[in-house]
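Coordinates from upload.txt are shown below (compact mmCIF, C-alpha atoms).
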```
# COMPACT_ATOMS: atom_id res chain seq x y z
CA MET Z 139 -31.13 -0.99 2.84
CA ALA Z 140 -30.89 0.50 6.34
CA ASN Z 141 -31.48 -2.91 7.94
CA LEU Z 142 -28.85 -4.51 5.73
CA TYR Z 143 -26.39 -1.77 6.60
CA ASN Z 144 -27.00 -2.07 10.35
CA GLU Z 145 -26.77 -5.87 10.35
CA LEU Z 146 -23.52 -5.88 8.36
CA LYS Z 147 -21.94 -3.15 10.47
CA THR Z 148 -22.91 -4.92 13.71
CA GLU Z 149 -21.58 -8.27 12.56
CA TRP Z 150 -18.31 -6.83 11.23
CA SER Z 151 -17.66 -4.90 14.45
CA LYS Z 152 -17.49 -8.16 16.44
CA TYR Z 153 -14.09 -9.46 17.57
CA ALA Z 154 -14.51 -12.56 15.36
CA PRO Z 155 -17.20 -11.79 12.75
CA ASN Z 156 -18.91 -14.62 10.90
CA LEU Z 157 -17.31 -14.32 7.45
CA GLU Z 158 -19.93 -16.49 5.74
CA HIS Z 159 -22.78 -14.42 7.14
CA CYS Z 160 -21.00 -11.23 6.10
CA ALA Z 161 -20.58 -12.67 2.58
CA THR Z 162 -24.34 -13.29 2.41
CA LEU Z 163 -25.06 -9.73 3.51
CA LEU Z 164 -22.58 -8.38 0.97
CA ASP Z 165 -24.33 -10.32 -1.79
CA GLY Z 166 -27.52 -8.48 -0.89
CA PHE Z 167 -25.59 -5.22 -0.84
CA LYS Z 168 -24.25 -5.83 -4.35
CA LEU Z 169 -27.78 -6.26 -5.65
CA GLU Z 170 -28.75 -3.01 -3.97
CA LEU Z 171 -25.79 -1.24 -5.62
CA VAL Z 172 -26.88 -2.46 -9.05
CA ARG Z 173 -30.44 -1.25 -8.48
CA SER Z 174 -29.26 2.17 -7.34
CA ASN Z 175 -26.63 2.49 -10.10
CA PHE Z 176 -24.09 3.32 -7.35
CA GLY Z 177 -26.03 6.47 -6.46
CA SER Z 178 -25.79 9.73 -8.36
CA PRO Z 179 -23.69 12.70 -7.23
CA GLN Z 180 -25.89 15.07 -9.24
CA ALA Z 181 -28.96 13.87 -7.37
CA SER Z 182 -27.41 13.77 -3.92
CA SER Z 183 -28.21 17.25 -2.70
CA SER Z 184 -30.65 16.18 0.02
CA SER Z 185 -29.39 14.99 3.39
CA LYS Z 186 -31.23 11.68 2.95
CA GLN Z 187 -29.50 10.97 -0.35
CA LYS Z 188 -26.10 11.89 1.10
CA GLU Z 189 -26.73 9.60 4.06
CA GLN Z 190 -27.47 6.75 1.65
CA LEU Z 191 -24.21 7.37 -0.25
CA VAL Z 192 -22.27 7.35 3.02
CA ARG Z 193 -23.84 4.00 3.91
CA TYR Z 194 -22.84 2.59 0.53
CA ARG Z 195 -19.30 3.84 1.08
CA GLU Z 196 -19.03 2.32 4.56
CA MET Z 197 -20.35 -1.01 3.32
CA LEU Z 198 -17.81 -1.01 0.50
CA GLU Z 199 -15.07 -0.39 3.04
CA ILE Z 200 -16.29 -3.42 4.98
CA ALA Z 201 -16.42 -5.38 1.72
CA VAL Z 202 -12.77 -4.52 1.02
CA GLU Z 203 -11.73 -5.72 4.48
CA HIS Z 204 -13.85 -8.87 4.08
CA SER Z 205 -12.20 -9.70 0.74
CA ILE Z 206 -8.77 -9.48 2.41
CA ALA Z 207 -9.89 -11.63 5.35
CA THR Z 208 -11.10 -14.31 2.89
CA LYS Z 209 -8.09 -13.75 0.57
CA ASP Z 210 -10.41 -13.12 -2.36
CA TYR Z 211 -8.18 -10.67 -4.18
CA ALA Z 212 -10.34 -10.52 -7.31
CA ALA Z 213 -13.18 -9.27 -5.10
CA PHE Z 214 -10.76 -6.83 -3.48
CA GLU Z 215 -10.03 -5.25 -6.86
CA ARG Z 216 -13.73 -4.94 -7.70
CA TYR Z 217 -14.70 -3.44 -4.35
CA MET Z 218 -11.73 -1.09 -4.35
CA ALA Z 219 -12.62 0.20 -7.83
CA GLN Z 220 -16.17 0.90 -6.63
CA LEU Z 221 -14.91 2.51 -3.44
CA ASN Z 222 -12.67 4.87 -5.42
CA THR Z 223 -15.83 6.21 -7.05
CA TYR Z 224 -16.99 7.46 -3.66
CA TYR Z 225 -13.55 8.78 -2.73
CA PHE Z 226 -12.88 10.71 -5.93
CA ASP Z 227 -16.11 11.22 -7.91
CA TYR Z 228 -18.30 12.10 -4.92
CA ASP Z 229 -15.75 14.20 -3.08
CA LYS Z 230 -17.73 17.40 -3.74
CA VAL Z 231 -20.92 16.10 -2.13
CA LEU Z 232 -19.67 13.86 0.70
CA VAL Z 233 -17.54 14.48 3.76
CA PRO Z 234 -14.30 12.45 3.31
CA SER Z 235 -14.24 9.05 4.98
CA VAL Z 236 -11.99 8.80 8.03
CA HIS Z 237 -10.65 5.53 6.55
CA MET Z 238 -10.02 6.89 3.05
CA HIS Z 239 -6.24 7.23 3.28
CA LYS Z 240 -5.89 3.81 4.87
CA PHE Z 241 -7.64 2.17 1.94
CA MET Z 242 -5.75 4.28 -0.60
CA GLY Z 243 -2.47 3.11 0.89
CA LEU Z 244 -3.77 -0.46 0.99
CA ASN Z 245 -4.63 -0.34 -2.71
CA LEU Z 246 -1.17 1.01 -3.56
CA LEU Z 247 0.46 -1.76 -1.53
CA TYR Z 248 -1.60 -4.38 -3.36
CA MET Z 249 -0.44 -3.06 -6.74
CA LEU Z 250 3.15 -3.05 -5.54
CA ALA Z 251 2.90 -6.57 -4.10
CA THR Z 252 1.44 -7.89 -7.38
CA ASN Z 253 4.13 -6.06 -9.39
CA ARG Z 254 1.63 -3.80 -11.18
CA ILE Z 255 4.01 -0.86 -11.22
CA ALA Z 256 2.28 1.01 -14.05
CA ASP Z 257 -1.09 0.92 -12.23
CA PHE Z 258 0.72 1.95 -9.04
CA HIS Z 259 1.98 5.15 -10.65
CA ILE Z 260 -1.36 5.88 -12.30
CA GLU Z 261 -2.97 5.84 -8.85
CA LEU Z 262 -0.25 8.14 -7.52
CA GLU Z 263 -1.16 10.72 -10.17
CA ARG Z 264 -4.59 11.08 -8.55
CA LEU Z 265 -3.19 12.00 -5.15
CA PRO Z 266 -2.04 15.48 -4.03
CA MET Z 267 1.62 15.97 -3.19
CA ALA Z 268 0.85 16.61 0.49
CA LEU Z 269 -0.46 13.04 0.85
CA LEU Z 270 2.57 11.56 -0.86
CA THR Z 271 5.03 13.27 1.44
CA ASN Z 272 3.23 13.46 4.79
CA ASN Z 273 0.42 10.91 5.09
CA ASN Z 274 1.11 8.05 7.51
CA PHE Z 275 -0.62 5.51 5.23
CA ILE Z 276 0.67 6.66 1.83
CA LYS Z 277 4.28 7.64 2.52
CA PRO Z 278 5.38 4.21 3.90
CA VAL Z 279 4.11 2.51 0.73
CA LEU Z 280 6.07 4.99 -1.41
CA ASN Z 281 9.17 4.13 0.60
CA LEU Z 282 8.55 0.44 -0.10
CA GLU Z 283 8.30 1.16 -3.82
CA ASN Z 284 11.62 3.02 -3.69
CA TYR Z 285 13.27 0.13 -1.85
CA PHE Z 286 11.91 -2.33 -4.41
CA MET Z 287 13.03 -0.30 -7.44
CA GLU Z 288 16.50 0.29 -5.93
CA GLY Z 289 16.96 -3.36 -4.97
CA ARG Z 290 17.16 -2.59 -1.24
CA TYR Z 291 15.21 -5.71 -0.36
CA ASN Z 292 16.52 -5.85 3.20
CA LYS Z 293 14.63 -2.61 3.86
CA ILE Z 294 11.40 -4.29 2.76
CA LEU Z 295 11.99 -7.15 5.19
CA GLN Z 296 12.57 -4.65 7.99
CA ALA Z 297 9.50 -2.59 7.08
CA LYS Z 298 7.25 -5.58 7.82
CA LYS Z 299 7.70 -4.81 11.52
CA SER Z 300 6.25 -1.27 11.22
CA LEU Z 301 3.08 -1.47 9.14
CA PRO Z 302 0.70 1.54 9.07
CA ALA Z 303 -2.25 -0.74 9.93
CA GLU Z 304 -2.82 -4.42 10.67
CA ILE Z 305 -4.92 -4.84 7.53
CA TYR Z 306 -1.75 -4.27 5.47
CA THR Z 307 -0.26 -7.57 6.69
CA ASN Z 308 -1.48 -9.87 3.88
CA PHE Z 309 -0.24 -7.67 1.08
CA MET Z 310 2.99 -6.95 2.94
CA ASN Z 311 3.59 -10.70 3.20
CA MET Z 312 3.10 -10.94 -0.57
CA LEU Z 313 5.63 -8.16 -1.11
CA VAL Z 314 8.10 -9.77 1.29
CA ASP Z 315 7.82 -13.06 -0.61
CA THR Z 316 8.57 -11.20 -3.85
CA ALA Z 317 11.55 -9.48 -2.22
CA ARG Z 318 12.88 -12.79 -0.91
CA ASP Z 319 12.68 -14.30 -4.37
CA GLU Z 320 14.72 -11.36 -5.67
CA ILE Z 321 17.27 -11.81 -2.87
CA ALA Z 322 17.48 -15.54 -3.63
CA SER Z 323 18.07 -14.76 -7.30
CA CYS Z 324 20.89 -12.39 -6.32
CA LEU Z 325 22.45 -15.07 -4.09
CA GLU Z 326 22.43 -17.54 -6.96
CA LYS Z 327 24.31 -15.08 -9.17
CA SER Z 328 26.72 -13.79 -6.50
CA TYR Z 329 27.85 -17.03 -4.86
CA ASP Z 330 29.01 -20.41 -6.09
CA LYS Z 331 28.20 -21.78 -2.64
CA ILE Z 332 26.72 -20.33 0.54
CA ALA Z 333 26.23 -21.64 4.06
CA PRO Z 334 22.59 -22.09 5.12
CA LYS Z 335 23.19 -19.82 8.12
CA LEU Z 336 24.34 -16.96 5.88
CA ALA Z 337 21.54 -17.61 3.38
CA ALA Z 338 19.00 -17.46 6.21
CA GLN Z 339 20.49 -14.18 7.40
CA ARG Z 340 20.30 -12.64 3.92
CA LEU Z 341 16.71 -13.80 3.46
CA GLY Z 342 15.50 -12.77 6.90
CA PHE Z 343 14.77 -16.34 8.03
CA ARG Z 344 15.74 -18.18 11.19
CA THR Z 345 18.56 -20.67 10.67
CA GLY Z 346 17.11 -24.09 9.98
CA SER Z 347 13.57 -22.76 9.53
CA LYS Z 348 11.01 -24.55 7.38
CA GLU Z 349 10.57 -21.38 5.32
CA LEU Z 350 14.21 -21.54 4.25
CA SER Z 351 13.94 -25.25 3.42
CA ASP Z 352 10.79 -24.65 1.36
CA LEU Z 353 12.40 -21.82 -0.58
CA ALA Z 354 15.55 -23.89 -1.25
CA GLU Z 355 13.43 -26.79 -2.48
CA ARG Z 356 11.30 -24.56 -4.69
CA ARG Z 357 14.35 -22.94 -6.28
CA LEU Z 358 16.13 -26.31 -6.72
CA TRP Z 359 19.10 -25.46 -4.48
CA ASN Z 360 21.44 -28.44 -4.14
CA VAL Z 361 23.27 -29.19 -0.89
CA ASP Z 362 26.92 -30.28 -1.16
CA ASP Z 363 28.79 -32.70 1.11
CA ALA Z 364 29.74 -29.85 3.48
CA GLY Z 365 26.07 -28.86 3.93
CA ASN Z 366 26.31 -25.67 1.86
CA TYR Z 367 23.91 -24.61 -0.86
CA ASP Z 368 25.61 -25.17 -4.21
CA PHE Z 369 24.48 -22.91 -7.06
CA ALA Z 370 26.90 -24.19 -9.70
CA GLY Z 371 24.27 -26.20 -11.51
CA LEU Z 372 21.88 -23.23 -11.67
CA ASN Z 373 24.31 -20.93 -13.46
CA ILE Z 374 25.28 -23.26 -16.28
CA ARG Z 375 23.95 -22.04 -19.58
CA GLN Z 376 23.45 -24.37 -22.48
CA VAL Z 377 25.46 -23.42 -25.52
CA GLU Z 378 23.18 -22.76 -28.44
CA LYS Z 379 24.50 -23.78 -31.83
CA VAL Z 380 23.73 -21.43 -34.71
CA SER Z 381 24.58 -22.47 -38.23
CA ALA Z 382 26.89 -20.31 -40.36
CA LYS Z 383 24.15 -20.14 -42.99
CA ASP Z 384 21.72 -18.51 -40.51
CA ILE Z 385 24.36 -15.99 -39.40
CA ALA Z 386 25.16 -15.08 -43.00
CA SER Z 387 21.46 -14.70 -43.80
CA CYS Z 388 20.94 -12.33 -40.85
CA ASN Z 389 23.98 -10.24 -41.80
CA LEU Z 390 22.79 -9.90 -45.41
CA SER Z 391 19.35 -8.89 -44.16
CA TYR Z 392 20.86 -6.18 -41.92
CA ALA Z 393 23.00 -4.94 -44.80
CA GLN Z 394 19.96 -4.64 -47.06
CA GLU Z 395 18.03 -2.69 -44.43
CA LEU Z 396 20.99 -0.32 -43.87
CA GLU Z 397 21.26 0.23 -47.61
CA LYS Z 398 17.59 1.21 -47.77
CA ILE Z 399 18.12 3.74 -44.96
CA VAL Z 400 21.14 5.29 -46.65
```

Would you kindly transcribe this structure into structure tokens?
Amino acid sequence: MANLYNELKTEWSKYAPNLEHCATLLDGFKLELVRSNFGSPQASSSSKQKEQLVRYREMLEIAVEHSIATKDYAAFERYMAQLNTYYFDYDKVLVPSVHMHKFMGLNLLYMLATNRIADFHIELERLPMALLTNNNFIKPVLNLENYFMEGRYNKILQAKKSLPAEIYTNFMNMLVDTARDEIASCLEKSYDKIAPKLAAQRLGFRTGSKELSDLAERRLWNVDDAGNYDFAGLNIRQVEKVSAKDIASCNLSYAQELEKIV
């Protein structure tokens, strides 16, 4: 296990680590985790056992970063769940990791970016108030959640320029894409037509950028003769015809239910 740990740590510390080699080492690490049953906090009183748990924790932190680098978000969820075991269940026997708050904030951002708001708030319940209000990794993510819930999407676009750590970039891009879709939806409801320059400004794109063109194509925005985006066709609702017999049947059903209540 010590050799595996040293090799993985050395490779990952390089400026451009070999991701395939790291994946092979992590496969071996996963087998080791299964054999050890993730370690045991009750049996970790000796310094040797604690050292082994710290190695497991550091390798899981590398595994989380590797899953982001390879955009394997299913693996990210698995590794993060295992890492939380060391952060929360072993907190009485291990010295806290110096990277703990960074990964906690990263996990919160992932839940926010994937619109898992319920899981986001469940994770918040595990954290002390001091972290929520003062920590440089946690507080910015809480601000993003507030912006998202309040519909202040422009604040999310601006926040991309001041991330707590570089590793947050992928998930922040996911959140920005979600925010831009919400902004685009608002534009479709607020305007009959809009100039591309103004649309780009609202969405945080450069005028004439490929990103704006791709979004317009994906959302089926038509361009009129003047070169403006025309949303008229998007806001037309088909009139649904309901027969008088169905309406009468529903009303009689409601009346019967009200009579039972009374």

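The interatomic distance for the pair atom CA of Z:Ala256 and atom CA of Z:Phe286 works out to 14.0 Å.
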
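Nearest to Z:Lys168 of all the residues Z:Arg216, Z:Arg357, Z:Lys398, Z:Lys277 is Z:Arg216, counting only C-alpha atoms.
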
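Atom CA of Z:Phe369 is found 12.1 Å from atom CA of Z:Ala337.
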
(message) I'd like to know which of Z:Gln339, Z:Ser387, Z:Thr162, Z:Asn141 is closest to Z:Ala201, using all atoms listed in the file.
(response) Z:Thr162

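Atom to atom, atom CA of Z:Met312 and atom CA of Z:Ala251 stand 5.6 Å apart.
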
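All polymer residues at most 12 Å from (7.8, -3.5, 9.3), using only C-alpha atoms, appear as Pro278, Val279, Asn281, Leu282, Asn292, Lys293, Ile294, Leu295, Gln296, Ala297, Lys298, Lys299, Ser300, Leu301, Pro302, Ala303, Glu304, Tyr306, Thr307, Met310, Asn311, Leu313 and Val314 of chain Z.
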
Keeping only C-alpha atoms, write the selected residues to a file as a PDB file, in the coordinates of the input.
```pdb
ATOM      1  CA  PRO Z 278       5.380   4.210   3.900  1.00  0.00           C
ATOM      2  CA  VAL Z 279       4.110   2.510   0.730  1.00  0.00           C
ATOM      3  CA  ASN Z 281       9.170   4.130   0.600  1.00  0.00           C
ATOM      4  CA  LEU Z 282       8.550   0.440  -0.100  1.00  0.00           C
ATOM      5  CA  ASN Z 292      16.520  -5.850   3.200  1.00  0.00           C
ATOM      6  CA  LYS Z 293      14.630  -2.610   3.860  1.00  0.00           C
ATOM      7  CA  ILE Z 294      11.400  -4.290   2.760  1.00  0.00           C
ATOM      8  CA  LEU Z 295      11.990  -7.150   5.190  1.00  0.00           C
ATOM      9  CA  GLN Z 296      12.570  -4.650   7.990  1.00  0.00           C
ATOM     10  CA  ALA Z 297       9.500  -2.590   7.080  1.00  0.00           C
ATOM     11  CA  LYS Z 298       7.250  -5.580   7.820  1.00  0.00           C
ATOM     12  CA  LYS Z 299       7.700  -4.810  11.520  1.00  0.00           C
ATOM     13  CA  SER Z 300       6.250  -1.270  11.220  1.00  0.00           C
ATOM     14  CA  LEU Z 301       3.080  -1.470   9.140  1.00  0.00           C
ATOM     15  CA  PRO Z 302       0.700   1.540   9.070  1.00  0.00           C
ATOM     16  CA  ALA Z 303      -2.250  -0.740   9.930  1.00  0.00           C
ATOM     17  CA  GLU Z 304      -2.820  -4.420  10.670  1.00  0.00           C
ATOM     18  CA  TYR Z 306      -1.750  -4.270   5.470  1.00  0.00           C
ATOM     19  CA  THR Z 307      -0.260  -7.570   6.690  1.00  0.00           C
ATOM     20  CA  MET Z 310       2.990  -6.950   2.940  1.00  0.00           C
ATOM     21  CA  ASN Z 311       3.590 -10.700   3.200  1.00  0.00           C
ATOM     22  CA  LEU Z 313       5.630  -8.160  -1.110  1.00  0.00           C
ATOM     23  CA  VAL Z 314       8.100  -9.770   1.290  1.00  0.00           C
TER      24      VAL Z 314
END
```
